[in-house]
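Raw start-v2.pdb, PDB, C-alpha atoms:
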```
ATOM      1  CA  MET X   1       0.000   0.000   0.000  1.00  0.00           C
ATOM      2  CA  THR X   2       2.856   2.376   0.863  1.00  0.00           C
ATOM      3  CA  VAL X   3       4.512   1.625  -2.454  1.00  0.00           C
ATOM      4  CA  LYS X   4       1.270   2.430  -4.276  1.00  0.00           C
ATOM      5  CA  LYS X   5       0.811   5.688  -2.378  1.00  0.00           C
ATOM      6  CA  THR X   6       4.418   6.738  -2.967  1.00  0.00           C
ATOM      7  CA  PHE X   7       4.072   5.945  -6.662  1.00  0.00           C
ATOM      8  CA  ALA X   8       0.848   7.983  -6.931  1.00  0.00           C
ATOM      9  CA  ALA X   9       2.425  10.930  -5.097  1.00  0.00           C
ATOM     10  CA  MET X  10       5.539  10.837  -7.269  1.00  0.00           C
ATOM     11  CA  ARG X  11       3.423  10.691 -10.383  1.00  0.00           C
ATOM     12  CA  LEU X  12       1.357  13.694  -9.323  1.00  0.00           C
ATOM     13  CA  LEU X  13       4.586  15.557  -8.523  1.00  0.00           C
ATOM     14  CA  PHE X  14       6.004  14.780 -11.972  1.00  0.00           C
ATOM     15  CA  LEU X  15       2.761  15.838 -13.660  1.00  0.00           C
ATOM     16  CA  LEU X  16       2.362  19.134 -11.805  1.00  0.00           C
ATOM     17  CA  GLY X  17       6.087  19.923 -12.011  1.00  0.00           C
ATOM     18  CA  SER X  18       6.141  19.276 -15.766  1.00  0.00           C
ATOM     19  CA  MET X  19       3.078  21.474 -16.244  1.00  0.00           C
ATOM     20  CA  LEU X  20       4.638  24.274 -14.217  1.00  0.00           C
ATOM     21  CA  PHE X  21       7.950  24.187 -16.088  1.00  0.00           C
ATOM     22  CA  THR X  22       6.153  23.995 -19.441  1.00  0.00           C
ATOM     23  CA  ALA X  23       4.020  26.999 -18.534  1.00  0.00           C
ATOM     24  CA  LEU X  24       7.171  28.863 -17.496  1.00  0.00           C
ATOM     25  CA  SER X  25       8.912  27.992 -20.762  1.00  0.00           C
ATOM     26  CA  PHE X  26       5.974  29.583 -22.599  1.00  0.00           C
ATOM     27  CA  MET X  27       6.809  32.794 -20.779  1.00  0.00           C
ATOM     28  CA  PRO X  28      10.409  33.253 -21.896  1.00  0.00           C
ATOM     29  CA  SER X  29      12.537  35.564 -19.869  1.00  0.00           C
ATOM     30  CA  GLU X  30      14.482  38.303 -21.569  1.00  0.00           C
ATOM     31  CA  SER X  31      17.728  36.801 -20.309  1.00  0.00           C
ATOM     32  CA  GLN X  32      17.015  33.451 -21.985  1.00  0.00           C
ATOM     33  CA  ALA X  33      15.847  34.805 -25.305  1.00  0.00           C
ATOM     34  CA  ILE X  34      18.501  35.020 -27.953  1.00  0.00           C
ATOM     35  CA  LYS X  35      18.988  38.511 -29.194  1.00  0.00           C
ATOM     36  CA  CYS X  36      18.133  38.324 -32.844  1.00  0.00           C
ATOM     37  CA  ASN X  37      15.822  41.213 -33.475  1.00  0.00           C
ATOM     38  CA  VAL X  38      17.927  42.271 -36.414  1.00  0.00           C
ATOM     39  CA  GLY X  39      15.734  42.025 -39.479  1.00  0.00           C
ATOM     40  CA  CYS X  40      12.873  40.478 -37.556  1.00  0.00           C
ATOM     41  CA  GLY X  41      10.655  43.479 -37.214  1.00  0.00           C
ATOM     42  CA  SER X  42       9.613  45.233 -34.090  1.00  0.00           C
ATOM     43  CA  GLN X  43       8.033  42.224 -32.403  1.00  0.00           C
ATOM     44  CA  GLY X  44      11.303  40.885 -31.095  1.00  0.00           C
ATOM     45  CA  PRO X  45      12.659  37.354 -30.839  1.00  0.00           C
ATOM     46  CA  ILE X  46       9.313  35.605 -30.400  1.00  0.00           C
ATOM     47  CA  ALA X  47       8.084  36.644 -33.836  1.00  0.00           C
ATOM     48  CA  CYS X  48      11.496  36.074 -35.332  1.00  0.00           C
ATOM     49  CA  ASN X  49      12.105  33.272 -37.799  1.00  0.00           C
ATOM     50  CA  TYR X  50      15.149  31.454 -36.463  1.00  0.00           C
ATOM     51  CA  PRO X  51      17.877  31.754 -37.641  1.00  0.00           C
ATOM     52  CA  CYS X  52      17.410  35.481 -37.926  1.00  0.00           C
ATOM     53  CA  ARG X  53      17.363  36.834 -41.402  1.00  0.00           C
ATOM     54  CA  ARG X  54      19.740  39.714 -41.707  1.00  0.00           C
ATOM     55  CA  PRO X  55      18.542  42.721 -43.666  1.00  0.00           C
ATOM     56  CA  GLU X  56      19.638  42.465 -47.276  1.00  0.00           C
TER      57      GLU X  56
ATOM     58  CA  MET L  57      -8.820  10.273  -9.179  1.00  0.00           C
ATOM     59  CA  LYS L  58      -6.173   7.755 -10.211  1.00  0.00           C
ATOM     60  CA  ARG L  59      -7.811   7.322 -13.621  1.00  0.00           C
ATOM     61  CA  THR L  60      -7.975  11.087 -14.132  1.00  0.00           C
ATOM     62  CA  VAL L  61      -4.277  11.535 -13.309  1.00  0.00           C
ATOM     63  CA  ARG L  62      -3.475   8.653 -15.631  1.00  0.00           C
ATOM     64  CA  ILE L  63      -5.410  10.125 -18.566  1.00  0.00           C
ATOM     65  CA  VAL L  64      -4.200  13.703 -17.971  1.00  0.00           C
ATOM     66  CA  SER L  65      -0.565  12.519 -17.721  1.00  0.00           C
ATOM     67  CA  ALA L  66      -0.689  10.633 -21.008  1.00  0.00           C
ATOM     68  CA  ALA L  67      -2.620  13.400 -22.787  1.00  0.00           C
ATOM     69  CA  PHE L  68      -0.286  16.133 -21.516  1.00  0.00           C
ATOM     70  CA  LEU L  69       2.899  14.285 -22.470  1.00  0.00           C
ATOM     71  CA  GLY L  70       1.450  13.136 -25.801  1.00  0.00           C
ATOM     72  CA  LEU L  71       0.320  16.628 -26.838  1.00  0.00           C
ATOM     73  CA  LEU L  72       3.639  18.106 -25.685  1.00  0.00           C
ATOM     74  CA  PHE L  73       5.592  15.633 -27.844  1.00  0.00           C
ATOM     75  CA  ILE L  74       3.371  16.352 -30.862  1.00  0.00           C
ATOM     76  CA  TYR L  75       3.692  20.111 -30.336  1.00  0.00           C
ATOM     77  CA  ALA L  76       7.481  19.877 -29.981  1.00  0.00           C
ATOM     78  CA  GLY L  77       7.762  17.753 -33.136  1.00  0.00           C
ATOM     79  CA  VAL L  78       5.480  19.941 -35.264  1.00  0.00           C
ATOM     80  CA  ASP L  79       7.222  23.075 -33.974  1.00  0.00           C
ATOM     81  CA  LYS L  80      10.604  21.677 -35.059  1.00  0.00           C
ATOM     82  CA  ALA L  81       9.184  20.627 -38.445  1.00  0.00           C
ATOM     83  CA  PHE L  82       7.988  24.185 -39.083  1.00  0.00           C
ATOM     84  CA  HIS L  83      11.458  25.498 -38.174  1.00  0.00           C
ATOM     85  CA  TYR L  84      13.442  22.681 -39.761  1.00  0.00           C
ATOM     86  CA  GLY L  85      16.455  24.751 -40.797  1.00  0.00           C
ATOM     87  CA  GLY L  86      16.753  26.294 -37.363  1.00  0.00           C
ATOM     88  CA  PHE L  87      16.447  22.900 -35.695  1.00  0.00           C
ATOM     89  CA  VAL L  88      19.243  21.418 -37.834  1.00  0.00           C
ATOM     90  CA  LYS L  89      21.396  24.417 -36.910  1.00  0.00           C
ATOM     91  CA  ALA L  90      20.578  24.038 -33.216  1.00  0.00           C
ATOM     92  CA  LEU L  91      21.361  20.289 -33.352  1.00  0.00           C
ATOM     93  CA  GLY L  92      24.766  21.143 -34.806  1.00  0.00           C
ATOM     94  CA  GLY L  93      25.482  23.155 -31.662  1.00  0.00           C
ATOM     95  CA  TYR L  94      25.144  20.099 -29.408  1.00  0.00           C
ATOM     96  CA  VAL L  95      28.413  18.652 -28.146  1.00  0.00           C
ATOM     97  CA  LEU L  96      27.007  15.101 -28.185  1.00  0.00           C
ATOM     98  CA  VAL L  97      25.980  15.327 -31.858  1.00  0.00           C
ATOM     99  CA  PRO L  98      28.964  14.481 -34.094  1.00  0.00           C
ATOM    100  CA  ASP L  99      29.817  17.059 -36.748  1.00  0.00           C
ATOM    101  CA  GLY L 100      27.853  16.614 -39.950  1.00  0.00           C
ATOM    102  CA  LEU L 101      25.334  14.223 -38.414  1.00  0.00           C
ATOM    103  CA  GLU L 102      22.767  16.880 -37.517  1.00  0.00           C
ATOM    104  CA  SER L 103      21.091  16.927 -40.926  1.00  0.00           C
ATOM    105  CA  PHE L 104      20.622  13.133 -40.806  1.00  0.00           C
ATOM    106  CA  LEU L 105      19.413  13.155 -37.224  1.00  0.00           C
ATOM    107  CA  ALA L 106      16.848  15.966 -37.488  1.00  0.00           C
ATOM    108  CA  LEU L 107      14.093  14.216 -39.457  1.00  0.00           C
ATOM    109  CA  PRO L 108      14.115  10.935 -37.465  1.00  0.00           C
ATOM    110  CA  LEU L 109      13.992  12.966 -34.242  1.00  0.00           C
ATOM    111  CA  ILE L 110      11.024  15.035 -35.431  1.00  0.00           C
ATOM    112  CA  LEU L 111       9.137  11.982 -36.699  1.00  0.00           C
ATOM    113  CA  GLY L 112      10.014  10.112 -33.499  1.00  0.00           C
ATOM    114  CA  GLU L 113       8.571  12.904 -31.368  1.00  0.00           C
ATOM    115  CA  ILE L 114       5.339  13.140 -33.348  1.00  0.00           C
ATOM    116  CA  LEU L 115       4.818   9.358 -33.458  1.00  0.00           C
ATOM    117  CA  THR L 116       5.637   8.979 -29.762  1.00  0.00           C
ATOM    118  CA  GLY L 117       3.154  11.729 -28.943  1.00  0.00           C
ATOM    119  CA  ALA L 118       0.465  10.080 -31.050  1.00  0.00           C
ATOM    120  CA  GLY L 119       1.237   6.717 -29.437  1.00  0.00           C
ATOM    121  CA  LEU L 120       0.790   8.172 -25.959  1.00  0.00           C
ATOM    122  CA  LEU L 121      -2.719   9.328 -26.919  1.00  0.00           C
ATOM    123  CA  VAL L 122      -3.790   5.861 -28.106  1.00  0.00           C
ATOM    124  CA  PRO L 123      -4.357   3.487 -25.146  1.00  0.00           C
ATOM    125  CA  ALA L 124      -3.232   0.399 -27.074  1.00  0.00           C
ATOM    126  CA  TRP L 125       0.104   2.006 -28.002  1.00  0.00           C
ATOM    127  CA  ARG L 126       0.691   3.857 -24.750  1.00  0.00           C
ATOM    128  CA  ARG L 127       3.061   1.392 -23.101  1.00  0.00           C
ATOM    129  CA  PRO L 128       5.673   1.150 -25.902  1.00  0.00           C
ATOM    130  CA  ALA L 129       5.263   4.870 -26.620  1.00  0.00           C
ATOM    131  CA  ALA L 130       5.976   5.698 -22.965  1.00  0.00           C
ATOM    132  CA  LEU L 131       9.139   3.580 -23.101  1.00  0.00           C
ATOM    133  CA  VAL L 132      10.312   5.378 -26.266  1.00  0.00           C
ATOM    134  CA  ALA L 133       9.513   8.700 -24.542  1.00  0.00           C
ATOM    135  CA  VAL L 134      11.706   7.671 -21.579  1.00  0.00           C
ATOM    136  CA  VAL L 135      14.623   6.858 -23.901  1.00  0.00           C
ATOM    137  CA  MET L 136      14.209  10.069 -25.923  1.00  0.00           C
ATOM    138  CA  LEU L 137      13.880  12.298 -22.854  1.00  0.00           C
ATOM    139  CA  ALA L 138      16.930  10.664 -21.245  1.00  0.00           C
ATOM    140  CA  ALA L 139      18.930  11.410 -24.414  1.00  0.00           C
ATOM    141  CA  PHE L 140      17.632  15.011 -24.590  1.00  0.00           C
ATOM    142  CA  THR L 141      18.410  15.597 -20.910  1.00  0.00           C
ATOM    143  CA  ALA L 142      21.946  14.259 -21.300  1.00  0.00           C
ATOM    144  CA  ALA L 143      22.485  16.368 -24.437  1.00  0.00           C
ATOM    145  CA  ILE L 144      21.295  19.599 -22.796  1.00  0.00           C
ATOM    146  CA  ALA L 145      23.213  18.882 -19.576  1.00  0.00           C
ATOM    147  CA  VAL L 146      26.465  18.213 -21.447  1.00  0.00           C
ATOM    148  CA  ASN L 147      25.957  21.385 -23.511  1.00  0.00           C
ATOM    149  CA  GLN L 148      25.231  23.333 -20.356  1.00  0.00           C
ATOM    150  CA  HIS L 149      28.643  22.289 -19.041  1.00  0.00           C
ATOM    151  CA  TYR L 150      30.818  22.474 -22.158  1.00  0.00           C
ATOM    152  CA  ARG L 151      28.997  25.003 -24.326  1.00  0.00           C
ATOM    153  CA  PRO L 152      26.862  27.248 -22.111  1.00  0.00           C
ATOM    154  CA  GLY L 153      24.648  29.687 -23.976  1.00  0.00           C
ATOM    155  CA  ALA L 154      24.136  27.431 -27.001  1.00  0.00           C
ATOM    156  CA  GLU L 155      20.677  27.319 -28.561  1.00  0.00           C
ATOM    157  CA  CYS L 156      18.301  24.783 -27.044  1.00  0.00           C
ATOM    158  CA  GLY L 157      16.266  24.088 -30.188  1.00  0.00           C
ATOM    159  CA  CYS L 158      13.284  23.346 -27.978  1.00  0.00           C
ATOM    160  CA  TRP L 159      10.471  25.832 -28.593  1.00  0.00           C
ATOM    161  CA  PHE L 160      11.072  27.754 -31.772  1.00  0.00           C
ATOM    162  CA  THR L 161       7.572  29.199 -31.992  1.00  0.00           C
ATOM    163  CA  VAL L 162       7.620  30.398 -28.409  1.00  0.00           C
ATOM    164  CA  THR L 163      11.147  31.598 -27.949  1.00  0.00           C
ATOM    165  CA  LEU L 164      14.622  31.242 -29.305  1.00  0.00           C
ATOM    166  CA  GLY L 165      15.817  30.067 -25.939  1.00  0.00           C
ATOM    167  CA  LYS L 166      19.270  29.090 -24.863  1.00  0.00           C
ATOM    168  CA  GLY L 167      19.688  25.749 -23.172  1.00  0.00           C
ATOM    169  CA  SER L 168      19.549  26.277 -19.419  1.00  0.00           C
ATOM    170  CA  THR L 169      19.326  24.489 -16.093  1.00  0.00           C
ATOM    171  CA  SER L 170      15.548  24.925 -16.156  1.00  0.00           C
ATOM    172  CA  HIS L 171      15.451  22.927 -19.414  1.00  0.00           C
ATOM    173  CA  VAL L 172      17.374  20.111 -17.700  1.00  0.00           C
ATOM    174  CA  LEU L 173      14.969  20.171 -14.750  1.00  0.00           C
ATOM    175  CA  GLN L 174      11.932  20.262 -17.031  1.00  0.00           C
ATOM    176  CA  ASN L 175      13.248  17.297 -19.004  1.00  0.00           C
ATOM    177  CA  LEU L 176      13.940  15.353 -15.806  1.00  0.00           C
ATOM    178  CA  LEU L 177      10.348  15.917 -14.655  1.00  0.00           C
ATOM    179  CA  LEU L 178       9.026  14.866 -18.067  1.00  0.00           C
ATOM    180  CA  LEU L 179      11.296  11.816 -17.892  1.00  0.00           C
ATOM    181  CA  GLY L 180       9.794  10.912 -14.516  1.00  0.00           C
ATOM    182  CA  LEU L 181       6.296  11.411 -15.915  1.00  0.00           C
ATOM    183  CA  ALA L 182       7.007   9.171 -18.919  1.00  0.00           C
ATOM    184  CA  ALA L 183       8.511   6.506 -16.644  1.00  0.00           C
ATOM    185  CA  SER L 184       5.470   6.634 -14.363  1.00  0.00           C
ATOM    186  CA  ILE L 185       3.134   6.232 -17.362  1.00  0.00           C
ATOM    187  CA  TRP L 186       5.152   3.236 -18.527  1.00  0.00           C
ATOM    188  CA  LEU L 187       5.102   1.660 -15.042  1.00  0.00           C
ATOM    189  CA  ASP L 188       1.388   2.329 -14.724  1.00  0.00           C
ATOM    190  CA  GLU L 189       0.675   0.705 -18.081  1.00  0.00           C
ATOM    191  CA  ARG L 190       2.656  -2.331 -16.954  1.00  0.00           C
ATOM    192  CA  THR L 191       0.480  -2.454 -13.870  1.00  0.00           C
ATOM    193  CA  ALA L 192      -2.635  -2.301 -16.027  1.00  0.00           C
ATOM    194  CA  ASP L 193      -1.368  -5.405 -17.854  1.00  0.00           C
ATOM    195  CA  GLY L 194      -0.876  -7.165 -14.551  1.00  0.00           C
ATOM    196  CA  THR L 195       2.834  -7.594 -15.141  1.00  0.00           C
ATOM    197  CA  ALA L 196       4.227  -4.912 -12.882  1.00  0.00           C
ATOM    198  CA  PRO L 197       5.436  -5.742  -9.452  1.00  0.00           C
ATOM    199  CA  GLU L 198       3.847  -2.875  -7.532  1.00  0.00           C
ATOM    200  CA  ASP L 199       5.161  -4.227  -4.260  1.00  0.00           C
ATOM    201  CA  THR L 200       8.435  -6.026  -4.648  1.00  0.00           C
ATOM    202  CA  SER L 201       8.923  -6.743  -0.980  1.00  0.00           C
ATOM    203  CA  GLY L 202       7.695 -10.298  -1.436  1.00  0.00           C
ATOM    204  CA  PHE L 203       5.554  -9.980   1.678  1.00  0.00           C
ATOM    205  CA  VAL L 204       2.177 -11.678   1.402  1.00  0.00           C
ATOM    206  CA  PRO L 205      -0.170 -10.734   4.262  1.00  0.00           C
ATOM    207  CA  GLY L 206      -1.592 -13.660   6.188  1.00  0.00           C
ATOM    208  CA  ARG L 207       1.000 -16.164   4.954  1.00  0.00           C
ATOM    209  CA  SER L 208       3.599 -17.501   7.315  1.00  0.00           C
ATOM    210  CA  SER L 209       6.674 -19.352   6.164  1.00  0.00           C
TER     211      SER L 209
END
```
Write the structure described by the file as structure tokens, please.
Amino acid sequence: MTVKKTFAAMRLLFLLGSMLFTALSFMPSESQAIKCNVGCGSQGPIACNYPCRRPE
Amino acid sequence: MKRTVRIVSAAFLGLLFIYAGVDKAFHYGGFVKALGGYVLVPDGLESFLALPLILGEILTGAGLLVPAWRRPAALVAVVMLAAFTAAIAVNQHYRPGAECGCWFTVTLGKGSTSHVLQNLLLLGLAASIWLDERTADGTAPEDTSGFVPGRSS
């Protein structure tokens, strides 16, 4: 029974932790984003087509 | 409750794999370039590795959504996530600041410790799905202590 409970708790922890980290990765921090605004318009890295196209 | 967690876990991981694969397919050139930045990927192999990885992610994600395919798909997910975690962790040590190649549509993120942690959690989730599916088949030893209540030796 203890093994079952531990397994269920671990599983819930993995699920909630994964969801949290995934949600956080959808909110990229400025420090993590690669600076590549050059030629990508005014919307910044998120709208940028990687690898950044340099202005011709 | 247990059934809900089971379904949500498989659906979440399956959709995440499909999203990651489709995202990479839409940014194929960028993904090949990002793969080339990984220390564990030998030079010149990135262009041969990209397509199988993308297809593997999409198929694994689809497999996790289909109950009959969930068990093998969860095992493949464990192997893939272990490889991704090792690749990001090695890069983090030897080539910090290299592109992750993870979420092109969302951000052009660098590989970071949070990516390693996220992958470890996803790895645990995939392993728990695989173990749970084994249990559903009646083949998993949920309690390996060997103790059988009410039986004396």
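This file gives the following result for the PyMOL selection byres ((chain L and resi 59) around 12): Ala8 and Leu12 of chain X; Met57, Lys58, Thr60, Val61, Arg62, Ile63, Val64, Ser65, Ala66, Ile185, Asp188, Glu189 and Ala192 of chain L.
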On this structure, the PyMOL selection byres ((chain L and resi 151) around 12) would catch which residues? List them as a short mmCIF file (atom, residue, chain, number, x, y, z; two decimals) with C-alpha atoms, in the coordinates of the input, sorted by chain and number.
```cif
data_model
loop_
_atom_site.label_atom_id
_atom_site.label_comp_id
_atom_site.auth_asym_id
_atom_site.auth_seq_id
_atom_site.Cartn_x
_atom_site.Cartn_y
_atom_site.Cartn_z
CA GLY L 92 24.77 21.14 -34.81
CA GLY L 93 25.48 23.16 -31.66
CA TYR L 94 25.14 20.10 -29.41
CA VAL L 95 28.41 18.65 -28.15
CA LEU L 96 27.01 15.10 -28.18
CA ALA L 143 22.48 16.37 -24.44
CA ILE L 144 21.30 19.60 -22.80
CA ALA L 145 23.21 18.88 -19.58
CA VAL L 146 26.46 18.21 -21.45
CA ASN L 147 25.96 21.38 -23.51
CA GLN L 148 25.23 23.33 -20.36
CA HIS L 149 28.64 22.29 -19.04
CA TYR L 150 30.82 22.47 -22.16
CA PRO L 152 26.86 27.25 -22.11
CA GLY L 153 24.65 29.69 -23.98
CA ALA L 154 24.14 27.43 -27.00
CA GLU L 155 20.68 27.32 -28.56
CA CYS L 156 18.30 24.78 -27.04
CA LYS L 166 19.27 29.09 -24.86
CA GLY L 167 19.69 25.75 -23.17
CA SER L 168 19.55 26.28 -19.42
#
```
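This file, filtered with the PyMOL selection byres ((chain L and resi 122-129) around 8), gives the residues Ala66, Thr116, Gly117, Ala118, Gly119, Leu120, Leu121, Ala130, Leu131, Val132, Ala133, Ile185, Trp186, Glu189 and Arg190 of chain L.
One distance worth recording is that between CA of Leu15 (chain X) and CA of Val134 (chain L), which is 14.5 Å.
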Near Phe14 (chain X), within 10 Å and counting all atoms listed in the file, which residues show up once chain neighbours fewer than 4 positions away are dropped, as an MDAnalysis selection string?
(chainID X and resid 8:10 18:20) or (chainID L and resid 65 174 176:184)
Kindly provide, as JSON, the centre and edge lengths (Å, one decimal) of an axis-aligned box around all atoms of region 106-120 of chain L given in the file, with 3 Å on each side.
```
{"center_x": 8.7, "center_y": 11.3, "center_z": -32.7, "size_x": 22.4, "size_y": 15.2, "size_z": 19.5}
```
Distance in Å - CA of Leu16 (chain X) versus CA of Leu115 (chain L)
23.9 Å
To one decimal place in Å, what is the distance between CA of Ile74 (chain L) and CA of Ala106 (chain L)?
15.0 Å
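With all atoms listed in the file as the atoms that count, the residue of L:Val97, L:Leu107, L:Leu173, L:Ile114 with the shortest distance to chain X is L:Leu173.
The residue that comes closest to chain X, out of L:Leu109, L:Ala90, L:Met136, L:Val78 and on the basis of all atoms listed in the file, is L:Ala90.
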Between L:Leu105, L:Ile110, L:Leu137, L:Leu69, which is the closest to chain X once you count all atoms listed in the file?
L:Leu69
